[in-house]
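The structure appears right after this line, and notes come after that.
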Amino acid sequence: MRVQFPKNFWWGAATSGPQTEGRFQKKHANMFDYFYEIQPERFYKHQGPDTASNFYNDYKKDIRLMKEAGLKTVRTSIQWSRLIDDLELNTLNEEAVTFYNAVIDEFIAQGITPMMNLHHFDLPVELYHRYGGWASKTVVDLYAGFAEQAFRLFGDRVKTWFTHNEPLVVVEGGYYKQFHYPMKIEGKTAVQVAYNLQLASSKAIEKYRALKLDGQIGMILNLTPPYPATQEAEDVQASEIADLWLNRMYLDASVKGSFPVKLIKLLEKEGVLWENSKEELEIIKANRVDLLGINFYHPNRVQRPRYSANSLAVDFVPDKFWQPYEMPACRMNVDKGWEIYPKALYDIAKDIQENYGNIDWFVSENGMGVSNEERYVNEQGVIEDDYRIQFIKEHLYWLNRAMEEGSNCLGYHLWTPIDCWSWLNAYRNRYGLISTNIHTQEKKLKKSAYWFKEISQTCSFEVDETILSGD
């Protein structure tokens, strides 16, 4: 069957400054720069972010390759730790200004629309060591100042902005799951950080609107319905609480202007509700997003917790109310350990349509990380990543279903255009349409890149109905 998308659909890909530019030629270290500096053994094969995929030097060639892959839109990020010279005064680093101006101009010259994000897990580490990072409202205000500088500098050409990418990951990784620096388990701090990230987003949106720029601004969230293991009351309750924390917290605050009442009551009962003021809540209420970016890779499946959430002398962590559930015989990306369930993208789209005013949104990340892709190189030296093509087709099919039913989805961005450095996993899993030899920095289009160019030109593709079981 043929799947058809609108002619103005955003066919693109997403990446980030810290994962492509790396630490190269930066005055300040961000959280991951520092994490690698003090604990390189935590990173896959000790591979750090120093040069990443060398975008700082290769941006012209890289953007040409993106054009060859058919990309019409690209979302990347401006590194706070690169753009700002004095972090307290928000003065500018002129070399960084020159670099980002050149990157933006090159995207436009190649016929690609640039979209910019301002925070992709890359808080300047000095602000953590000095103030406690996102736990501090001083840092919230410094971030809003950084955002304003970016808007002033680049808002004449960049028309689509995002405040954060996956703020919940910053909370989880840094404050109770220990996969981001500072690697803490502090539930109450996690809750305050979660609130402060939303406040920072709203204050940045306030700055953007005050400048009266011709554009739009939103936030990028990693969403998925937390499917309960069974329909028994205990599993359903676990799913509902997980949904409040994982999805509704930022969705409600960003789109509706207030946090879910049920979540606030739960946090109050636990004695961990964030510190806030009436003025701050008014800022959140008044500065809602224009659009949403939604990242989706795999479903969340949850079940009742192993132990009661009311157990005695247990410190608060948000996920004490549920535990993950692995569905037997599910389809799996074995390399990454993530379930493949494309229909979840339809469920997300319908949720936004039915519960969030059918706000404009787009798939800001979706993709399949595979290790050792060299095993799929053909005689011409091209990686034949048919698995990636099928993965994209299946997700686009379900997205298209939702759009036919009225969902206001504007586009689809694959993670990522060019294989990039990926935090603790470094280069273990590759996601790109374009491969990177991390030793020589030679980059080549994969089979999926040639296919993606075809669909970006035609806005349609053929899909075999036998692969669309919905599982």
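If you're wondering about the labels, chains in the structure tokens are A, B, ... by order shown, residues count from 1 in each chain, ligands from 1 in order shown.
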
Next item on the list: Mind listing the strand (DSSP E or B) residues of region 136-366 of chain A, per DSSP on the backbone, as a PyMOL selection string?
Entry: chain A and resi 160-165+216-222+226-228+291-295+300-303+323-324+332-333+338-339+361-365

Next item on the list: Quick one: everything within 8 Å of Phe121 (chain A), counting only C-alpha atoms, minus sequence neighbours fewer than 5 positions away in the same chain. Send it as a PyMOL selection string.
Entry: chain A and resi 31-32+165+167+170

Item checked: Shell of 10 Å around region 141-143 of chain A, only C-alpha atoms, local chain residues under 5 positions omitted, as a VMD selection string -> chain A and resid 80 87 to 90 118 to 119 123 127 134 136 148 to 149 163 197 199 to 201 203 to 204

File of the preceding selection, C-alpha atoms, as a CSV table (one decimal), in the first residue's frame:
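Output file result_14.csv is given in full below:
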```csv
chain,number,residue,atom,x,y,z
A,80,TRP,CA,25.5,27.3,26.3
A,87,LEU,CA,28.5,32.7,32.5
A,88,GLU,CA,27.5,35.2,35.2
A,89,LEU,CA,27.2,38.2,32.9
A,90,ASN,CA,26.0,36.3,29.8
A,118,LEU,CA,19.0,25.5,23.7
A,119,HIS,CA,19.6,22.8,26.2
A,123,LEU,CA,24.5,22.6,31.4
A,127,LEU,CA,27.1,26.4,37.3
A,134,TRP,CA,19.3,23.0,37.8
A,136,SER,CA,19.1,26.5,41.7
A,148,GLU,CA,17.8,35.8,25.1
A,149,GLN,CA,21.3,36.2,23.7
A,163,THR,CA,14.0,25.4,25.2
A,197,LEU,CA,13.6,23.0,34.2
A,199,LEU,CA,10.3,27.3,35.0
A,200,ALA,CA,13.5,27.9,32.9
A,201,SER,CA,11.6,26.9,29.8
A,203,LYS,CA,11.2,32.2,31.4
A,204,ALA,CA,13.0,31.6,28.1
```

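The residue set within 8 Å of region 232-244 of chain A, counting only C-alpha atoms and dropping same-chain residues fewer than 2 places from it, reads Pro225, Pro226, Tyr227, Pro228, Ala229, Thr230, Leu246, Asn247, Arg248, Met249, Pro260, Lys262, Leu263, Val302, Gln303, Arg304, Pro305, Asp319, Phe321 and Trp322 of chain A.
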
Next item on the list: Mind checking which residues fall within 7 Å of region 214-224 of chain A, counting only C-alpha atoms, ignoring those fewer than 5 positions away in the same chain, and posting them as a PyMOL selection string?
Entry: chain A and resi 159-166+205+247+289-296+299-300+344+348

Atoms to include: N, CA, C and O atoms. Write the selected residues as a PDB file, in the first residue's frame.
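Listed below is the output, again14.pdb:
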```
ATOM      1  N   LYS A 159      13.664  30.302  12.827  1.00  0.00           N
ATOM      2  CA  LYS A 159      12.261  30.617  13.086  1.00  0.00           C
ATOM      3  C   LYS A 159      11.578  29.603  14.010  1.00  0.00           C
ATOM      4  O   LYS A 159      10.421  29.804  14.384  1.00  0.00           O
ATOM      5  N   THR A 160      12.281  28.530  14.341  1.00  0.00           N
ATOM      6  CA  THR A 160      11.719  27.515  15.226  1.00  0.00           C
ATOM      7  C   THR A 160      12.739  27.200  16.316  1.00  0.00           C
ATOM      8  O   THR A 160      13.861  26.784  16.016  1.00  0.00           O
ATOM      9  N   TRP A 161      12.341  27.402  17.565  1.00  0.00           N
ATOM     10  CA  TRP A 161      13.226  27.256  18.721  1.00  0.00           C
ATOM     11  C   TRP A 161      12.643  26.263  19.724  1.00  0.00           C
ATOM     12  O   TRP A 161      11.422  26.101  19.818  1.00  0.00           O
ATOM     13  N   PHE A 162      13.544  25.654  20.488  1.00  0.00           N
ATOM     14  CA  PHE A 162      13.127  24.766  21.578  1.00  0.00           C
ATOM     15  C   PHE A 162      13.964  25.071  22.813  1.00  0.00           C
ATOM     16  O   PHE A 162      15.169  25.343  22.714  1.00  0.00           O
ATOM     17  N   THR A 163      13.325  25.037  23.947  1.00  0.00           N
ATOM     18  CA  THR A 163      13.997  25.399  25.199  1.00  0.00           C
ATOM     19  C   THR A 163      14.836  24.254  25.752  1.00  0.00           C
ATOM     20  O   THR A 163      15.979  24.458  26.164  1.00  0.00           O
ATOM     21  N   HIS A 164      14.263  23.068  25.810  1.00  0.00           N
ATOM     22  CA  HIS A 164      14.967  21.886  26.320  1.00  0.00           C
ATOM     23  C   HIS A 164      14.700  20.693  25.414  1.00  0.00           C
ATOM     24  O   HIS A 164      13.628  20.586  24.808  1.00  0.00           O
ATOM     25  N   ASN A 165      15.645  19.776  25.387  1.00  0.00           N
ATOM     26  CA  ASN A 165      15.421  18.441  24.845  1.00  0.00           C
ATOM     27  C   ASN A 165      15.337  17.460  26.006  1.00  0.00           C
ATOM     28  O   ASN A 165      16.262  17.361  26.817  1.00  0.00           O
ATOM     29  N   GLU A 166      14.215  16.769  26.118  1.00  0.00           N
ATOM     30  CA  GLU A 166      14.025  15.706  27.111  1.00  0.00           C
ATOM     31  C   GLU A 166      14.445  16.128  28.515  1.00  0.00           C
ATOM     32  O   GLU A 166      15.343  15.542  29.127  1.00  0.00           O
ATOM     33  N   ILE A 205      10.761  31.325  27.134  1.00  0.00           N
ATOM     34  CA  ILE A 205       9.655  31.659  26.228  1.00  0.00           C
ATOM     35  C   ILE A 205       9.225  33.109  26.438  1.00  0.00           C
ATOM     36  O   ILE A 205       8.947  33.842  25.477  1.00  0.00           O
ATOM     37  N   ASN A 247       4.973  11.768  31.676  1.00  0.00           N
ATOM     38  CA  ASN A 247       4.371  12.450  30.533  1.00  0.00           C
ATOM     39  C   ASN A 247       3.626  13.729  30.897  1.00  0.00           C
ATOM     40  O   ASN A 247       3.865  14.792  30.320  1.00  0.00           O
ATOM     41  N   VAL A 289       3.839  26.802  25.278  1.00  0.00           N
ATOM     42  CA  VAL A 289       4.549  26.543  24.023  1.00  0.00           C
ATOM     43  C   VAL A 289       3.650  26.771  22.813  1.00  0.00           C
ATOM     44  O   VAL A 289       2.424  26.658  22.895  1.00  0.00           O
ATOM     45  N   ASP A 290       4.298  27.086  21.691  1.00  0.00           N
ATOM     46  CA  ASP A 290       3.586  27.185  20.411  1.00  0.00           C
ATOM     47  C   ASP A 290       3.430  25.823  19.751  1.00  0.00           C
ATOM     48  O   ASP A 290       2.491  25.598  18.988  1.00  0.00           O
ATOM     49  N   LEU A 291       4.392  24.951  19.983  1.00  0.00           N
ATOM     50  CA  LEU A 291       4.381  23.614  19.393  1.00  0.00           C
ATOM     51  C   LEU A 291       5.195  22.688  20.270  1.00  0.00           C
ATOM     52  O   LEU A 291       5.932  23.117  21.159  1.00  0.00           O
ATOM     53  N   LEU A 292       5.052  21.393  20.015  1.00  0.00           N
ATOM     54  CA  LEU A 292       5.784  20.361  20.753  1.00  0.00           C
ATOM     55  C   LEU A 292       6.665  19.564  19.800  1.00  0.00           C
ATOM     56  O   LEU A 292       6.254  19.249  18.683  1.00  0.00           O
ATOM     57  N   GLY A 293       7.845  19.234  20.262  1.00  0.00           N
ATOM     58  CA  GLY A 293       8.633  18.189  19.626  1.00  0.00           C
ATOM     59  C   GLY A 293       8.503  16.941  20.480  1.00  0.00           C
ATOM     60  O   GLY A 293       8.644  17.009  21.710  1.00  0.00           O
ATOM     61  N   ILE A 294       8.222  15.818  19.849  1.00  0.00           N
ATOM     62  CA  ILE A 294       8.017  14.566  20.581  1.00  0.00           C
ATOM     63  C   ILE A 294       9.060  13.546  20.142  1.00  0.00           C
ATOM     64  O   ILE A 294       9.143  13.191  18.960  1.00  0.00           O
ATOM     65  N   ASN A 295       9.858  13.082  21.098  1.00  0.00           N
ATOM     66  CA  ASN A 295      10.835  12.023  20.845  1.00  0.00           C
ATOM     67  C   ASN A 295      10.235  10.684  21.241  1.00  0.00           C
ATOM     68  O   ASN A 295       9.709  10.539  22.353  1.00  0.00           O
ATOM     69  N   PHE A 296      10.323   9.719  20.332  1.00  0.00           N
ATOM     70  CA  PHE A 296       9.813   8.383  20.640  1.00  0.00           C
ATOM     71  C   PHE A 296      10.732   7.320  20.066  1.00  0.00           C
ATOM     72  O   PHE A 296      11.058   7.335  18.879  1.00  0.00           O
ATOM     73  N   PRO A 299       8.298   1.761  23.675  1.00  0.00           N
ATOM     74  CA  PRO A 299       7.209   1.934  24.625  1.00  0.00           C
ATOM     75  C   PRO A 299       7.685   1.798  26.067  1.00  0.00           C
ATOM     76  O   PRO A 299       8.721   1.199  26.340  1.00  0.00           O
ATOM     77  N   ASN A 300       6.931   2.389  26.971  1.00  0.00           N
ATOM     78  CA  ASN A 300       7.080   2.095  28.390  1.00  0.00           C
ATOM     79  C   ASN A 300       6.001   1.089  28.764  1.00  0.00           C
ATOM     80  O   ASN A 300       4.819   1.317  28.478  1.00  0.00           O
ATOM     81  N   ALA A 344       2.705   2.784  19.141  1.00  0.00           N
ATOM     82  CA  ALA A 344       2.727   3.770  20.225  1.00  0.00           C
ATOM     83  C   ALA A 344       2.748   5.193  19.682  1.00  0.00           C
ATOM     84  O   ALA A 344       2.216   6.116  20.316  1.00  0.00           O
ATOM     85  N   ILE A 348       0.364   8.211  20.924  1.00  0.00           N
ATOM     86  CA  ILE A 348       0.851   9.523  21.348  1.00  0.00           C
ATOM     87  C   ILE A 348       0.145  10.627  20.572  1.00  0.00           C
ATOM     88  O   ILE A 348      -0.305  11.633  21.144  1.00  0.00           O
TER      89      ILE A 348
END
```

Please provide the set of residues having any atom within 6 Å of region 15-26 of chain A, restricted to only C-alpha atoms, with same-chain residues fewer than 5 positions apart removed, written as a compact mmCIF listing (two decimals) with N, CA, C and O atoms, in the first residue's frame.
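Saved result, out_39.txt, follows:
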```
# COMPACT_ATOMS: atom_id res chain seq x y z
N PRO A 49 33.84 13.17 24.41
CA PRO A 49 33.20 14.14 23.53
C PRO A 49 34.13 15.18 22.93
O PRO A 49 33.66 16.17 22.39
N ASP A 50 35.44 14.95 22.99
CA ASP A 50 36.38 16.02 22.65
C ASP A 50 36.11 16.64 21.28
O ASP A 50 35.94 17.85 21.15
N THR A 51 36.12 15.83 20.23
CA THR A 51 35.84 16.36 18.89
C THR A 51 34.51 15.86 18.35
O THR A 51 34.03 16.36 17.33
N ALA A 52 33.93 14.85 19.03
CA ALA A 52 32.67 14.24 18.57
C ALA A 52 32.80 13.86 17.10
O ALA A 52 33.76 13.20 16.73
N SER A 53 31.84 14.29 16.26
CA SER A 53 31.95 13.95 14.83
C SER A 53 32.54 15.10 14.01
O SER A 53 32.33 15.19 12.81
N ASN A 54 33.26 15.98 14.71
CA ASN A 54 34.06 17.02 14.05
C ASN A 54 33.22 18.02 13.26
O ASN A 54 33.69 18.62 12.29
N PHE A 55 31.99 18.24 13.70
CA PHE A 55 31.11 19.19 13.01
C PHE A 55 31.69 20.60 13.07
O PHE A 55 31.47 21.40 12.16
N TYR A 56 32.44 20.91 14.11
CA TYR A 56 33.02 22.26 14.24
C TYR A 56 33.87 22.59 13.01
O TYR A 56 33.86 23.72 12.54
N THR A 76 19.23 21.07 15.58
CA THR A 76 20.45 20.87 16.36
C THR A 76 20.38 21.79 17.56
O THR A 76 19.31 22.29 17.91
N SER A 77 21.51 22.03 18.23
CA SER A 77 21.45 22.88 19.41
C SER A 77 22.64 23.82 19.48
O SER A 77 23.70 23.57 18.89
N ILE A 78 22.45 24.90 20.20
CA ILE A 78 23.51 25.86 20.50
C ILE A 78 24.03 25.54 21.89
O ILE A 78 23.25 25.46 22.85
N GLN A 79 25.33 25.34 22.01
CA GLN A 79 25.89 25.01 23.31
C GLN A 79 26.05 26.28 24.16
O GLN A 79 26.79 27.19 23.79
N ARG A 82 29.52 27.03 24.87
CA ARG A 82 30.29 27.61 23.77
C ARG A 82 29.93 29.07 23.53
O ARG A 82 30.80 29.93 23.38
N THR A 416 19.62 10.01 13.69
CA THR A 416 20.24 11.31 13.58
C THR A 416 20.78 11.44 12.16
O THR A 416 20.85 10.43 11.46
N CYS A 420 26.76 9.95 15.52
CA CYS A 420 27.36 10.90 16.44
C CYS A 420 27.69 10.25 17.78
O CYS A 420 27.29 9.12 18.07
N TRP A 421 28.43 10.98 18.57
CA TRP A 421 28.79 10.55 19.92
C TRP A 421 27.55 10.59 20.81
O TRP A 421 26.76 11.51 20.73
```
